[in-house]
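Asks: Here you go, one structure.
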Amino acid sequence: MSRAFLVVVDSVACGGAPDAADFGDEGANTLGHIAAACAAGRAEEGRSGPLRLPNLDRLGLGAAIRLASGVETPGLAAEPEGLWGAATEISRGKDTPSGHWELAGLPVPWDWTYFPETDPCFPPDLVDLVCRMAGTDGILGNRHASGTLIIEEEAEAHIRTGWPICYTSVDSVFQIAAHEAHFGLDRLLDLCAALAPTLHEMRVGRVIARPFTGDGPWERTANRRDFAIEPPAPTLCDAVSAAERHVHAIGKIGDIFSMRGIDSVAKGKDALLMDHLAASVRDMPDGSLTFANFVEFDAIYGHRRDVSGYARHLEWFDACLPDILGSLREGDLMIFTADHGNDPTWRGSDHTRERVPVVAAGLEGAAGQIGFVDVAATICDHLGVPVVGPGRSVL
């Protein structure tokens, strides 16, 4: 019996979204601009030369970028040997839940709530609730910010006062950063869990715990936890689970789907997640779905607008693939795609509205321009379970 592996390479998008201008992102192109920067010698920190992704390119990555946005792809010119295409999102967001839910067959049926780009940005009643639940006299932050930068700016005050660091972005999120030792990891997670129902009623997509350690420099840990709104309708995970197949989540997938339809979870930083993916290819049973997210492209390199770092991480990821692809069983399908963009050459520090590449091992041919929802339909078709959502299989 066939297996399926859906690997979301977080934010690794390829431009060309037809509604990018509505989001202020017309012309953004995460992969296209990284490839151009590498070819021009503008991404030389810790690496050098054109972008080298021979394994993903062999599956059709360069072709998918060109299809999505029409840009040149220096260094990515292989003749595709896998299934390849580019997917367009219809949900009105460029965030984690919107992208992942739609890839799993469920376009978001509402508009998310976003906090204004003011200082302070949170309504007083929400601040009062946080203070009551945290047992503090105030909060720090209360503005739009990069998660790593706000920790650098507020960590000393956080340790001195004990107040949580609360911030947001252009995404529908309420994030709390706190020191694991001084504030307490369990206390942070309990606070986020207690706040989540109120934020979810406001249609804020996620409450995110952002624990960190150190005494300057500060380091965010792998104990991040996303408290996301539960999907309002069945997703790919539910469809596979309902067919009594095993669903395994790698990375933050369990959090994104509130563990609905998920049987097991493996977490960690990207290097460890790659080991978990290899173990899944080796051990997951026939008929199973493994759903993975590799977040560091987005969290560490995209938001920080680090082109060299993003390119290095792409090349690391690609170099890990030969053993994994070589271990797939006959009949397996492994799809690589993304949930949104985060162009490290773009203005600001937030996600970008883009199409995403869809390239797969285990099948061949040009899928063309498809929808995010078609990814779920294709996996359902491959596994022989009823198709969930409005998508159409490309098989």
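The way I read the labels, and the way they are meant: chains A, B, ... in the order of the structure tokens, residue 1 as the first residue of every chain, and ligand 1 as the first ligand shown, with later ones counted on from there.
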What parts of range 209-370 of chain A does DSSP call alpha helix (DSSP H)? I'd like the answer as an MDAnalysis selection string.
Replies: chainID A and resid 236:242 253:256 270:283 296 307:319 321:326
Asks: Hey, what's within 12 Å of Asp283 in chain A if we count only C-alpha atoms and toss same-chain stuff fewer than 4 positions away? As a ChimeraX atom specification, please?
Replies: /A:3,246,248,276-279,287-290,327-329
Asks: Write out as a ChimeraX atom specification the set of residues from range 74-225 of chain A that DSSP, computed on the backbone, places in strand (DSSP E).
Replies: /A:83-88,140-144,165-168,173-179,206-214,218-220,225
Asks: Save the residues we just selected, C-alpha atoms, as a compact mmCIF listing (two decimals), in the first residue's frame?
Replies:
```
# COMPACT_ATOMS: atom_id res chain seq x y z
CA LEU A 83 6.03 15.86 -10.76
CA TRP A 84 6.20 19.66 -10.73
CA GLY A 85 3.94 22.69 -10.74
CA ALA A 86 3.09 25.89 -8.89
CA ALA A 87 0.19 26.44 -6.50
CA THR A 88 -1.93 29.53 -5.84
CA LEU A 140 6.58 44.61 27.68
CA GLY A 141 6.59 45.09 23.92
CA ASN A 142 2.97 45.73 22.89
CA ARG A 143 4.00 46.44 19.30
CA HIS A 144 4.75 44.89 15.92
CA ILE A 165 7.14 40.27 26.28
CA CYS A 166 4.04 40.50 24.06
CA TYR A 167 4.18 41.37 20.37
CA THR A 168 2.60 40.71 16.98
CA VAL A 173 -0.83 36.28 15.88
CA PHE A 174 -0.37 37.16 19.54
CA GLN A 175 3.11 36.12 20.64
CA ILE A 176 4.61 35.96 24.11
CA ALA A 177 8.35 35.65 24.67
CA ALA A 178 9.66 34.71 28.11
CA HIS A 179 12.86 33.36 29.63
CA ARG A 206 -2.51 31.77 16.85
CA VAL A 207 -1.18 32.45 20.30
CA ILE A 208 2.50 31.54 20.18
CA ALA A 209 4.80 30.82 23.12
CA ARG A 210 8.35 31.95 22.31
CA PRO A 211 10.63 30.72 25.10
CA PHE A 212 14.28 31.77 25.20
CA THR A 213 17.35 31.21 27.33
CA GLY A 214 20.74 32.81 28.00
CA TRP A 218 19.74 35.34 24.08
CA GLU A 219 18.66 32.23 22.23
CA ARG A 220 15.15 31.08 21.36
CA ARG A 225 4.33 26.11 21.03
```
Asks: Which residues come within 8 Å of Leu53 in chain A, counting only C-alpha atoms, excluding same-chain residues fewer than 4 positions away, as a VMD selection string?
Replies: chain A and resid 57 75 to 76 314 to 315 318 to 319
Asks: Between CA of Pro107 in chain A and CA of Asp286 in chain A, what is the distance, to one decimal in Å?
Replies: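 Separating CA of Pro107 in chain A from CA of Asp286 in chain A is a distance of 28.4 Å.
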Asks: Here is a test: counting only C-alpha atoms, which residue of A:Phe183, A:Phe227, A:Phe23, A:Phe297 is nearest to Asp255 in chain A?
Replies: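 The answer is A:Phe227, which sits nearest to Asp255 in chain A.
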Asks: State, in Å with one decimal place, the distance from CA of His33 in chain A to CA of Lys252 in chain A.
Replies: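 A separation of 26.7 Å between them.
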Asks: For Val295 in chain A, work out the shell of residues within 10 Å, counting only C-alpha atoms and skipping chain neighbours fewer than 5 positions away, then give it as a list of chain:residue names.
Replies: A:Val8, A:Val9, A:Asp10, A:Ser11, A:Gly251, A:Lys252, A:Lys269, A:Asp270, A:Leu273, A:Ile300, A:Tyr301
Asks: Which residue gives the smallest distance to Pro120 in chain A among A:Ala233, A:Leu106, A:Ala145, A:Ala78, with only C-alpha atoms counted?
Replies: A:Ala145
Asks: Range 281-349 of chain A near range 361-366 of chain A within 9 Å: what's each residue's closest atom pair and its distance in Å to one decimal, counting only C-alpha atoms, ordered by chain then ascending residue number, as JSON lines?
Replies:
```
{"residue": "A:Leu325", "atom": "CA", "partner": "A:Ala361", "partner_atom": "CA", "distance": 7.4}
{"residue": "A:Leu328", "atom": "CA", "partner": "A:Gly362", "partner_atom": "CA", "distance": 8.4}
{"residue": "A:Glu330", "atom": "CA", "partner": "A:Gly362", "partner_atom": "CA", "distance": 7.9}
{"residue": "A:Gly331", "atom": "CA", "partner": "A:Gly362", "partner_atom": "CA", "distance": 6.7}
{"residue": "A:Asp332", "atom": "CA", "partner": "A:Gly362", "partner_atom": "CA", "distance": 5.9}
{"residue": "A:Leu333", "atom": "CA", "partner": "A:Gly362", "partner_atom": "CA", "distance": 4.8}
{"residue": "A:Met334", "atom": "CA", "partner": "A:Ala361", "partner_atom": "CA", "distance": 5.2}
{"residue": "A:Ile335", "atom": "CA", "partner": "A:Ala361", "partner_atom": "CA", "distance": 6.6}
{"residue": "A:Phe336", "atom": "CA", "partner": "A:Ala361", "partner_atom": "CA", "distance": 8.6}
```
Asks: Taking into account only C-alpha atoms, which residue in the set A:Ala28, A:Met284, A:Ile256, A:Glu89 is nearest to Gln369 in chain A?
Replies: A:Glu89
Asks: Just want the 9 Å neighbourhood of Val356 in chain A, counted on only C-alpha atoms, with same-chain residues fewer than 3 positions away dropped. Output as a short mmCIF file (atom, residue, chain, number, x, y, z; two decimals) with C-alpha atoms, in the first residue's frame.
Replies:
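Below you can see result00.cif, which holds the result:
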```cif
data_model
loop_
_atom_site.label_atom_id
_atom_site.label_comp_id
_atom_site.auth_asym_id
_atom_site.auth_seq_id
_atom_site.Cartn_x
_atom_site.Cartn_y
_atom_site.Cartn_z
CA SER A 11 8.14 30.20 3.33
CA VAL A 12 10.08 28.79 0.32
CA ALA A 13 7.79 30.39 -2.27
CA CYS A 14 8.33 31.42 -5.87
CA GLY A 15 6.53 34.69 -6.63
CA GLY A 16 3.77 35.35 -9.14
CA ALA A 17 0.72 35.46 -6.86
CA ALA A 64 8.20 25.52 -10.98
CA ILE A 65 9.71 28.95 -10.22
CA ALA A 68 4.96 30.65 -11.22
CA GLY A 85 3.94 22.69 -10.74
CA ALA A 86 3.09 25.89 -8.89
CA ALA A 87 0.19 26.44 -6.50
CA THR A 88 -1.93 29.53 -5.84
CA GLU A 89 -3.67 30.28 -2.55
CA THR A 337 5.91 22.68 -1.15
CA ALA A 338 5.51 25.83 0.98
CA ASP A 339 2.81 27.68 2.91
CA HIS A 340 3.61 31.31 1.95
CA GLY A 341 6.63 33.43 1.06
CA PHE A 372 -3.15 24.77 -2.69
#
```
Asks: In terms of the shortest atom-to-atom distance over only C-alpha atoms, which of A:Gly147, A:Gly49, A:Pro390, A:Pro285 is closest to Asp350 in chain A?
Replies: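 Nearest candidate to Asp350 in chain A out of A:Gly147, A:Gly49, A:Pro390, A:Pro285: A:Gly147.
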Asks: Suppose you want the space between CA of Arg304 in chain A and CA of Thr352 in chain A; what is it in Å?
Replies: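 Between these atoms lies a distance of 13.3 Å.
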Asks: Do you know which residues are at most 7 Å from Tyr114 in chain A counting only C-alpha atoms, after dropping those on the same chain fewer than 4 positions away, and could you put them as JSON, numbers by chain?
Replies: {"A": [170, 171, 172, 204]}
Asks: Extract, using only C-alpha atoms, all DNA, RNA and protein residues at most 8 Å from Phe291 in chain A, discarding same-chain residues fewer than 3 positions from it, and format them as a list in words.
Replies: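 That gives Phe5, Leu6, Val7, Val8, Val247, His248, Ala249, Ile250 and Ile253 of chain A.
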Asks: Pull C-alpha atoms from the residues just selected and write them as a compact mmCIF listing (two decimals), in the first residue's frame.
Replies:
```
# COMPACT_ATOMS: atom_id res chain seq x y z
CA PHE A 5 4.91 12.47 2.71
CA LEU A 6 3.91 16.14 2.58
CA VAL A 7 6.93 18.32 3.38
CA VAL A 8 6.28 22.04 3.87
CA VAL A 247 -0.91 10.27 10.50
CA HIS A 248 2.49 11.41 11.74
CA ALA A 249 3.32 15.10 12.28
CA ILE A 250 6.84 16.53 12.17
CA ILE A 253 2.07 20.49 12.26
```
